[in-house]
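*Asks:* File name query-v7.pdb; file contents PDB, C-alpha atoms and all ligand atoms; full text below.
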ATOM      1  CA  MET A 228     161.650  73.200 -16.073
ATOM      2  CA  PHE A 229     158.574  71.170 -16.597
ATOM      3  CA  PHE A 230     157.890  69.121 -19.703
ATOM      4  CA  PHE A 231     154.554  67.585 -20.499
ATOM      5  CA  ASN A 232     154.904  63.914 -21.232
ATOM      6  CA  ARG A 233     152.913  62.107 -23.863
ATOM      7  CA  LYS A 234     150.686  60.480 -21.275
ATOM      8  CA  THR A 235     149.231  63.825 -20.154
ATOM      9  CA  SER A 236     145.550  63.578 -20.916
ATOM     10  CA  LEU A 237     143.654  66.607 -22.150
ATOM     11  CA  HIS A 238     140.111  67.162 -20.959
ATOM     12  CA  THR A 239     136.983  68.418 -22.687
ATOM     13  CA  ASP A 240     135.047  69.570 -19.608
ATOM     14  CA  PHE A 241     135.204  69.933 -15.806
ATOM     15  CA  SER A 242     133.615  66.564 -14.963
ATOM     16  CA  ALA A 243     136.908  65.209 -13.602
ATOM     17  CA  ILE A 244     136.688  67.961 -10.969
ATOM     18  CA  GLY A 245     132.919  67.935 -10.436
ATOM     19  CA  VAL A 246     132.986  70.165  -7.352
ATOM     20  CA  ASP A 247     133.289  73.941  -7.595
ATOM     21  CA  MET A 248     134.064  75.883  -4.421
ATOM     22  CA  HIS A 249     134.290  79.503  -5.585
ATOM     23  CA  SER A 250     131.465  81.315  -7.387
ATOM     24  CA  HIS A 251     129.031  84.216  -7.141
ATOM     25  CA  LEU A 252     125.660  82.602  -7.788
ATOM     26  CA  ILE A 253     123.391  84.069  -5.107
ATOM     27  CA  PRO A 254     121.015  86.667  -6.593
ATOM     28  CA  GLY A 255     121.486  90.312  -5.674
ATOM     29  CA  VAL A 256     124.006  90.022  -2.819
ATOM     30  CA  ASP A 257     127.240  91.010  -4.596
ATOM     31  CA  ASP A 258     128.681  91.666  -8.065
ATOM     32  CA  GLY A 259     127.728  88.187  -9.309
ATOM     33  CA  ALA A 260     124.247  87.079 -10.394
ATOM     34  CA  GLN A 261     121.765  89.923  -9.986
ATOM     35  CA  ASP A 262     118.458  88.020 -10.040
ATOM     36  CA  VAL A 263     117.125  84.473  -9.861
ATOM     37  CA  GLU A 264     117.041  84.137 -13.638
ATOM     38  CA  GLU A 265     120.728  84.994 -13.952
ATOM     39  CA  SER A 266     121.618  82.644 -11.080
ATOM     40  CA  ILE A 267     119.877  79.763 -12.833
ATOM     41  CA  GLU A 268     121.537  80.616 -16.144
ATOM     42  CA  LEU A 269     124.975  80.393 -14.485
ATOM     43  CA  ILE A 270     124.114  77.210 -12.581
ATOM     44  CA  ASN A 271     122.873  75.562 -15.786
ATOM     45  CA  GLY A 272     126.055  76.664 -17.532
ATOM     46  CA  LEU A 273     128.208  75.100 -14.818
ATOM     47  CA  ARG A 274     126.186  71.910 -15.040
ATOM     48  CA  GLU A 275     126.837  71.782 -18.783
ATOM     49  CA  LEU A 276     130.546  72.201 -18.065
ATOM     50  CA  GLY A 277     130.430  69.002 -15.977
ATOM     51  CA  TYR A 278     129.935  70.253 -12.421
ATOM     52  CA  THR A 279     127.563  68.467 -10.041
ATOM     53  CA  HIS A 280     128.347  70.142  -6.675
ATOM     54  CA  LEU A 281     128.579  73.891  -6.210
ATOM     55  CA  PHE A 282     129.724  75.590  -3.008
ATOM     56  CA  THR A 283     128.899  79.168  -3.869
ATOM     57  CA  THR A 284     130.862  81.945  -2.189
ATOM     58  CA  PRO A 285     129.379  85.455  -2.518
ATOM     59  CA  HIS A 286     131.591  88.292  -1.310
ATOM     60  CA  THR A 287     131.499  89.429   2.287
ATOM     61  CA  LEU A 288     133.284  92.788   1.926
ATOM     62  CA  GLU A 289     132.265  95.634   4.209
ATOM     63  CA  ASP A 290     132.818  98.552   1.789
ATOM     64  CA  PHE A 291     130.981  97.122  -1.230
ATOM     65  CA  HIS A 292     129.078  93.964  -0.274
ATOM     66  CA  PRO A 293     128.417  94.137   3.486
ATOM     67  CA  ASN A 294     126.901  90.689   3.765
ATOM     68  CA  THR A 295     126.201  88.637   6.846
ATOM     69  CA  LYS A 296     125.339  84.983   7.239
ATOM     70  CA  GLU A 297     121.692  86.051   7.341
ATOM     71  CA  SER A 298     121.730  88.197   4.172
ATOM     72  CA  LEU A 299     123.423  85.383   2.259
ATOM     73  CA  GLN A 300     121.011  82.767   3.576
ATOM     74  CA  ASN A 301     118.071  84.993   2.566
ATOM     75  CA  GLY A 302     119.505  85.259  -0.955
ATOM     76  CA  HIS A 303     120.091  81.531  -1.086
ATOM     77  CA  ALA A 304     116.456  80.914  -0.098
ATOM     78  CA  LEU A 305     115.286  82.753  -3.240
ATOM     79  CA  LEU A 306     116.697  79.876  -5.298
ATOM     80  CA  GLU A 307     114.646  77.262  -3.476
ATOM     81  CA  GLY A 308     112.633  75.216  -5.977
ATOM     82  CA  HIS A 309     114.661  76.579  -8.924
ATOM     83  CA  ILE A 310     117.843  74.495  -8.725
ATOM     84  CA  PRO A 311     118.192  72.310 -11.833
ATOM     85  CA  ALA A 312     118.179  68.512 -11.419
ATOM     86  CA  GLY A 313     121.646  67.023 -11.068
ATOM     87  CA  ILE A 314     123.026  70.029  -9.185
ATOM     88  CA  ASN A 315     123.726  70.265  -5.494
ATOM     89  CA  LEU A 316     124.089  73.887  -4.326
ATOM     90  CA  ASN A 317     125.570  74.839  -0.959
ATOM     91  CA  LEU A 318     126.381  78.196   0.572
ATOM     92  CA  SER A 319     129.576  79.676   1.982
ATOM     93  CA  SER A 320     131.311  83.019   1.362
ATOM     94  CA  GLU A 321     134.508  84.606   0.087
ATOM     95  CA  TYR A 322     135.674  86.718   3.010
ATOM     96  CA  TYR A 323     137.631  89.912   2.494
ATOM     97  CA  LEU A 324     140.088  90.574   5.318
ATOM     98  CA  ASP A 325     138.665  93.801   6.762
ATOM     99  CA  GLU A 326     137.443  95.013  10.155
ATOM    100  CA  ALA A 327     133.970  93.535   9.660
ATOM    101  CA  PHE A 328     135.542  90.138   8.974
ATOM    102  CA  LEU A 329     137.326  90.233  12.334
ATOM    103  CA  VAL A 330     134.038  91.170  14.031
ATOM    104  CA  GLN A 331     132.216  88.245  12.368
ATOM    105  CA  LEU A 332     135.114  85.965  13.287
ATOM    106  CA  ASP A 333     134.877  86.991  16.945
ATOM    107  CA  ALA A 334     131.092  86.567  16.902
ATOM    108  CA  ASN A 335     131.460  83.062  15.436
ATOM    109  CA  ALA A 336     129.225  84.255  12.583
ATOM    110  CA  LEU A 337     131.205  82.923   9.618
ATOM    111  CA  MET A 338     129.967  80.293   7.162
ATOM    112  CA  PRO A 339     132.937  78.082   6.317
ATOM    113  CA  LEU A 340     133.150  75.425   3.628
ATOM    114  CA  PRO A 341     133.200  71.763   4.757
ATOM    115  CA  GLY A 342     136.297  70.943   6.802
ATOM    116  CA  ASN A 343     135.982  74.372   8.464
ATOM    117  CA  ARG A 344     137.694  75.876   5.419
ATOM    118  CA  LEU A 345     137.521  79.643   5.030
ATOM    119  CA  LEU A 346     137.916  81.106   1.556
ATOM    120  CA  PHE A 347     139.523  84.528   1.956
ATOM    121  CA  GLU A 348     140.876  87.363  -0.161
ATOM    122  CA  PHE A 349     142.387  90.809   0.363
ATOM    123  CA  SER A 350     143.531  93.875  -1.554
ATOM    124  CA  GLN A 351     145.064  93.159  -4.942
ATOM    125  CA  ILE A 352     147.239  96.256  -4.603
ATOM    126  CA  VAL A 353     148.953  95.993  -1.220
ATOM    127  CA  ARG A 354     149.611  93.135   1.151
ATOM    128  CA  PRO A 355     147.652  93.638   4.399
ATOM    129  CA  ASN A 356     149.927  94.463   7.335
ATOM    130  CA  ASN A 357     148.182  91.983   9.575
ATOM    131  CA  LEU A 358     148.070  89.103   7.063
ATOM    132  CA  GLU A 359     150.246  86.654   8.982
ATOM    133  CA  GLU A 360     148.609  87.577  12.281
ATOM    134  CA  VAL A 361     145.143  86.855  10.821
ATOM    135  CA  ILE A 362     146.287  83.559   9.283
ATOM    136  CA  PHE A 363     147.708  82.517  12.643
ATOM    137  CA  ASP A 364     144.521  83.574  14.429
ATOM    138  CA  LEU A 365     142.342  81.595  12.004
ATOM    139  CA  THR A 366     144.352  78.408  12.409
ATOM    140  CA  VAL A 367     144.408  78.736  16.197
ATOM    141  CA  ARG A 368     140.611  78.989  16.111
ATOM    142  CA  GLY A 369     140.419  75.749  14.132
ATOM    143  CA  TYR A 370     139.779  77.143  10.665
ATOM    144  CA  GLN A 371     141.590  75.960   7.560
ATOM    145  CA  PRO A 372     142.330  79.132   5.552
ATOM    146  CA  VAL A 373     142.109  78.898   1.751
ATOM    147  CA  LEU A 374     143.518  81.859  -0.170
ATOM    148  CA  ALA A 375     141.365  82.729  -3.190
ATOM    149  CA  HIS A 376     143.201  83.236  -6.497
ATOM    150  CA  PRO A 377     146.789  83.766  -5.219
ATOM    151  CA  GLU A 378     147.856  84.458  -8.808
ATOM    152  CA  ARG A 379     145.759  87.648  -8.919
ATOM    153  CA  TYR A 380     147.651  89.588  -6.202
ATOM    154  CA  LEU A 381     150.033  91.609  -8.326
ATOM    155  CA  PHE A 382     152.488  92.387  -5.497
ATOM    156  CA  PHE A 383     153.131  88.639  -5.102
ATOM    157  CA  HIS A 384     154.387  88.323  -8.667
ATOM    158  CA  LYS A 385     157.827  89.578  -7.684
ATOM    159  CA  GLN A 386     157.939  87.690  -4.404
ATOM    160  CA  PHE A 387     156.948  84.192  -5.451
ATOM    161  CA  ASP A 388     158.623  82.679  -2.376
ATOM    162  CA  TYR A 389     155.978  84.327  -0.221
ATOM    163  CA  PHE A 390     153.480  81.738  -1.498
ATOM    164  CA  LYS A 391     155.654  79.070   0.048
ATOM    165  CA  ARG A 392     155.775  81.020   3.305
ATOM    166  CA  ILE A 393     151.995  81.224   3.648
ATOM    167  CA  LYS A 394     151.609  77.598   2.618
ATOM    168  CA  ASP A 395     154.076  76.711   5.386
ATOM    169  CA  MET A 396     151.794  78.673   7.740
ATOM    170  CA  GLY A 397     148.988  76.260   6.808
ATOM    171  CA  VAL A 398     147.191  78.180   4.054
ATOM    172  CA  GLU A 399     145.746  76.248   1.121
ATOM    173  CA  LEU A 400     145.822  77.905  -2.315
ATOM    174  CA  GLN A 401     142.886  78.090  -4.765
ATOM    175  CA  VAL A 402     143.673  78.925  -8.380
ATOM    176  CA  ASN A 403     140.980  80.439 -10.595
ATOM    177  CA  ALA A 404     140.169  78.308 -13.631
ATOM    178  CA  LEU A 405     139.935  81.559 -15.625
ATOM    179  CA  SER A 406     143.599  82.250 -14.795
ATOM    180  CA  LEU A 407     144.600  79.289 -16.972
ATOM    181  CA  THR A 408     143.682  81.583 -19.881
ATOM    182  CA  GLU A 409     144.801  85.199 -20.345
ATOM    183  CA  HIS A 410     141.419  86.428 -19.096
ATOM    184  CA  TYR A 411     143.053  88.469 -16.290
ATOM    185  CA  GLY A 412     146.194  89.167 -18.345
ATOM    186  CA  LYS A 413     149.419  87.414 -19.248
ATOM    187  CA  GLY A 414     151.106  88.019 -15.874
ATOM    188  CA  VAL A 415     148.302  86.365 -13.890
ATOM    189  CA  ASN A 416     148.266  83.460 -16.358
ATOM    190  CA  ALA A 417     152.025  82.956 -15.987
ATOM    191  CA  VAL A 418     151.894  82.950 -12.163
ATOM    192  CA  ALA A 419     148.951  80.505 -12.178
ATOM    193  CA  GLU A 420     150.915  78.150 -14.426
ATOM    194  CA  LYS A 421     154.012  78.438 -12.251
ATOM    195  CA  LEU A 422     152.003  77.631  -9.091
ATOM    196  CA  ILE A 423     150.678  74.522 -10.840
ATOM    197  CA  GLU A 424     154.130  73.479 -12.074
ATOM    198  CA  LYS A 425     155.468  73.802  -8.505
ATOM    199  CA  ASP A 426     152.623  71.625  -7.136
ATOM    200  CA  MET A 427     151.380  74.413  -4.863
ATOM    201  CA  ILE A 428     147.678  74.411  -5.765
ATOM    202  CA  ASP A 429     145.103  72.715  -3.508
ATOM    203  CA  PHE A 430     141.837  73.796  -5.128
ATOM    204  CA  ILE A 431     140.573  75.080  -8.460
ATOM    205  CA  GLY A 432     137.499  77.330  -8.553
ATOM    206  CA  THR A 433     135.577  79.041 -11.331
ATOM    207  CA  ASP A 434     135.033  82.388  -9.496
ATOM    208  CA  ILE A 435     132.177  82.826 -11.983
ATOM    209  CA  HIS A 436     130.350  86.170 -11.768
ATOM    210  CA  HIS A 437     128.415  86.370 -15.062
ATOM    211  CA  ALA A 438     127.619  84.524 -18.294
ATOM    212  CA  LYS A 439     130.666  85.895 -20.136
ATOM    213  CA  HIS A 440     132.815  83.844 -17.766
ATOM    214  CA  LEU A 441     131.058  80.687 -18.999
ATOM    215  CA  GLU A 442     132.420  81.307 -22.478
ATOM    216  CA  VAL A 443     135.990  81.653 -21.179
ATOM    217  CA  LEU A 444     135.612  78.631 -18.895
ATOM    218  CA  LYS A 445     134.806  76.440 -21.914
ATOM    219  CA  ARG A 446     138.386  76.901 -23.107
ATOM    220  CA  VAL A 447     139.999  75.850 -19.807
ATOM    221  CA  PRO A 448     139.709  72.018 -19.830
ATOM    222  CA  GLY A 449     141.743  71.870 -23.047
ATOM    223  CA  LYS A 450     144.675  73.697 -21.419
ATOM    224  CA  LYS A 451     147.811  71.680 -20.629
ATOM    225  CA  HIS A 452     148.055  73.118 -17.127
ATOM    226  CA  PHE A 453     144.514  71.985 -16.371
ATOM    227  CA  ALA A 454     145.579  68.419 -17.161
ATOM    228  CA  ARG A 455     148.809  68.944 -15.213
ATOM    229  CA  LEU A 456     146.834  70.066 -12.157
ATOM    230  CA  LEU A 457     144.499  67.079 -12.319
ATOM    231  CA  ASP A 458     147.399  64.686 -12.877
ATOM    232  CA  SER A 459     149.186  66.111  -9.812
ATOM    233  CA  GLY A 460     146.734  64.222  -7.587
ATOM    234  CA  LEU A 461     146.868  67.178  -5.172
ATOM    235  CA  LEU A 462     143.459  68.741  -5.837
ATOM    236  CA  LYS A 463     141.133  68.617  -2.833
ATOM    237  CA  ASN A 464     137.895  69.780  -4.508
ATOM    238  CA  GLN A 465     136.272  66.369  -4.132
ATOM    239  CA  SER A 466     137.156  66.147  -0.450
ATOM    240  CA  LEU A 467     134.437  68.764   0.148
ATOM    241  CA  ILE A 468     131.635  66.261  -0.517
TER     242      ILE A 468
HETATM  243 FE    FE B   1     135.383  85.520  -6.016
END
Could I get this structure in the form of structure tokens?
*Replies:*
Amino acid sequence: MFFFNRKTSLHTDFSAIGVDMHSHLIPGVDDGAQDVEESIELINGLRELGYTHLFTTPHTLEDFHPNTKESLQNGHALLEGHIPAGINLNLSSEYYLDEAFLVQLDANALMPLPGNRLLFEFSQIVRPNNLEEVIFDLTVRGYQPVLAHPERYLFFHKQFDYFKRIKDMGVELQVNALSLTEHYGKGVNAVAEKLIEKDMIDFIGTDIHHAKHLEVLKRVPGKKHFARLLDSGLLKNQSLI
């Protein structure tokens, strides 16, 4: 059991993290910001929360958001000249493990984060049959896989040890800041807290899609598990810059 000691410092914003590596800020390419105005609203909101570096990660998901490096770069270009002072915006993607992903992987057409890190996700309902095969393939090809929001895959809730298994396979885990509240429900919140207590989290990301998320994010720095995560010394967000 984990007890918070008196030295645990509570935070008022995200400035101790400074670098976000999961968001949906590119206009019109997925279910995040829909136009330039909304993108800038979200970017300004993140700046006010204490962020200075944003690696934005629109979905690449064949069935709903069939993006390519080119479509994302075109969307990114629309923001040129609009980025607020004090913010550094870079582009990557959140890759859904589907057939199109494997095609882009083979074509060397992916856009990883610094350190050749690939943010990936999959179905929240069933574990993909080829998950371990794909993880192995990615690492053999020199990528560092980062699993987006492990706490949100409901089938993992009853097989917590599986997190350890994929970490042992070389996968880094990225918790959503929103999961430190009950935004996605109590179960997701509990698993996020447990992952933090077991020192299994490598990155924290906002996964911001719209302005309502900004309001929830404001409550996160005051959470005990946010302080616990920062105090762990394990977060790698700042290693991206
Ligand atoms: Fe996301």
*Asks:* With all atoms listed in the file counted, collect every polymer residue having an atom within 7 Å of ligand FE 1 (chain B); state the result as a list of chain:residue names.
*Replies:*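 Answer in the requested format: A:His249, A:Ser250, A:His251, A:Thr284, A:Pro285, A:His286, A:Glu321, A:Asp434.
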*Asks:* Which one is closest to Asp262 (chain A): A:Lys421, A:Gly302, A:Ile428, A:Gly414? Count all atoms listed in the file.
*Replies:* A:Gly302
*Asks:* So that I can see what lies close to region 373-378 of chain A, please list as a ChimeraX atom specification the residues with an atom at most 10 Å from it, counting all atoms listed in the file and leaving out residues fewer than 4 positions away in the same chain.
*Replies:* /A:249,321-323,340,344-349,351,362,382-384,387,390,393-394,397-406,411,414-422,428-434
*Asks:* Selected by the PyMOL selection byres (((chain A and resi 327) around 10) and not hetatm) in the shown coordinates: which residues, as an MDAnalysis selection string?
*Replies:* chainID A and resid 287:290 293:295 322:326 328:333
*Asks:* Mind pulling up the distance from CA of Ser350 (chain A) to CA of Gln371 (chain A)?
*Replies:* 20.2 Å
*Asks:* Name every residue that the PyMOL selection byres (((chain A and resi 314) around 9) and not hetatm) selects in this structure, writing the answer as a VMD selection string with chains first and numbers rising.
*Replies:* chain A and resid 270 to 271 274 278 to 281 310 to 313 315 to 316
*Asks:* Between CA of Phe291 (chain A) and CA of Leu305 (chain A), what is the spacing in Å?
*Replies:*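 Result for CA of Leu305 (chain A) versus CA of Phe291 (chain A): 21.4 Å, one decimal.
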*Asks:* Hey, what's within 9 Å of Leu444 (chain A) if we count all atoms listed in the file and toss same-chain stuff fewer than 2 positions away? As a PDB file with C-alpha atoms, in the frame of the given file, please?
*Replies:*
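Output file selection_31.pdb is given in full below:
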ATOM      1  CA  LEU A 276     130.546  72.201 -18.065  1.00  0.00           C
ATOM      2  CA  ALA A 404     140.169  78.308 -13.631  1.00  0.00           C
ATOM      3  CA  LEU A 405     139.935  81.559 -15.625  1.00  0.00           C
ATOM      4  CA  THR A 408     143.682  81.583 -19.881  1.00  0.00           C
ATOM      5  CA  THR A 433     135.577  79.041 -11.331  1.00  0.00           C
ATOM      6  CA  ILE A 435     132.177  82.826 -11.983  1.00  0.00           C
ATOM      7  CA  LYS A 439     130.666  85.895 -20.136  1.00  0.00           C
ATOM      8  CA  HIS A 440     132.815  83.844 -17.766  1.00  0.00           C
ATOM      9  CA  LEU A 441     131.058  80.687 -18.999  1.00  0.00           C
ATOM     10  CA  GLU A 442     132.420  81.307 -22.478  1.00  0.00           C
ATOM     11  CA  ARG A 446     138.386  76.901 -23.107  1.00  0.00           C
ATOM     12  CA  VAL A 447     139.999  75.850 -19.807  1.00  0.00           C
ATOM     13  CA  PRO A 448     139.709  72.018 -19.830  1.00  0.00           C
TER      14      PRO A 448
END
*Asks:* Any idea what's packed within 10 Å of region 265-267 of chain A, counting all atoms listed in the file, ignoring anything in its chain fewer than 3 positions away? Could you give it as an NGL selection string?
*Replies:* :A and (251-255 or 259-262 or 270-273 or 306 or 309-311 or 436-438)
*Asks:* What does the distance from CA of Asn317 (chain A) to CA of Asp247 (chain A) come to in Å, to one decimal?
*Replies:*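 Taking CA of Asn317 (chain A) and CA of Asp247 (chain A), their separation equals 10.2 Å.
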*Asks:* Counting all atoms listed in the file, I want the residues whose atoms come within 7 Å of (129.8, 78.7, 3.0) in the file frame, returned as a ChimeraX atom specification.
*Replies:* /A:282-284,317-320,338-340
*Asks:* Would you mind telling me which residue in A:Leu269, A:Val443, A:Ala243, A:Leu299 lies nearest to Val256 (chain A) when using all atoms listed in the file?
*Replies:* A:Leu299
*Asks:* Could you tell me which of A:Lys296, A:His238, A:His303, A:His410 comes closest to Ala334 (chain A) if we count all atoms listed in the file?
*Replies:*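 Comparing A:Lys296, A:His238, A:His303, A:His410 against Ala334 (chain A), the winner is A:Lys296.
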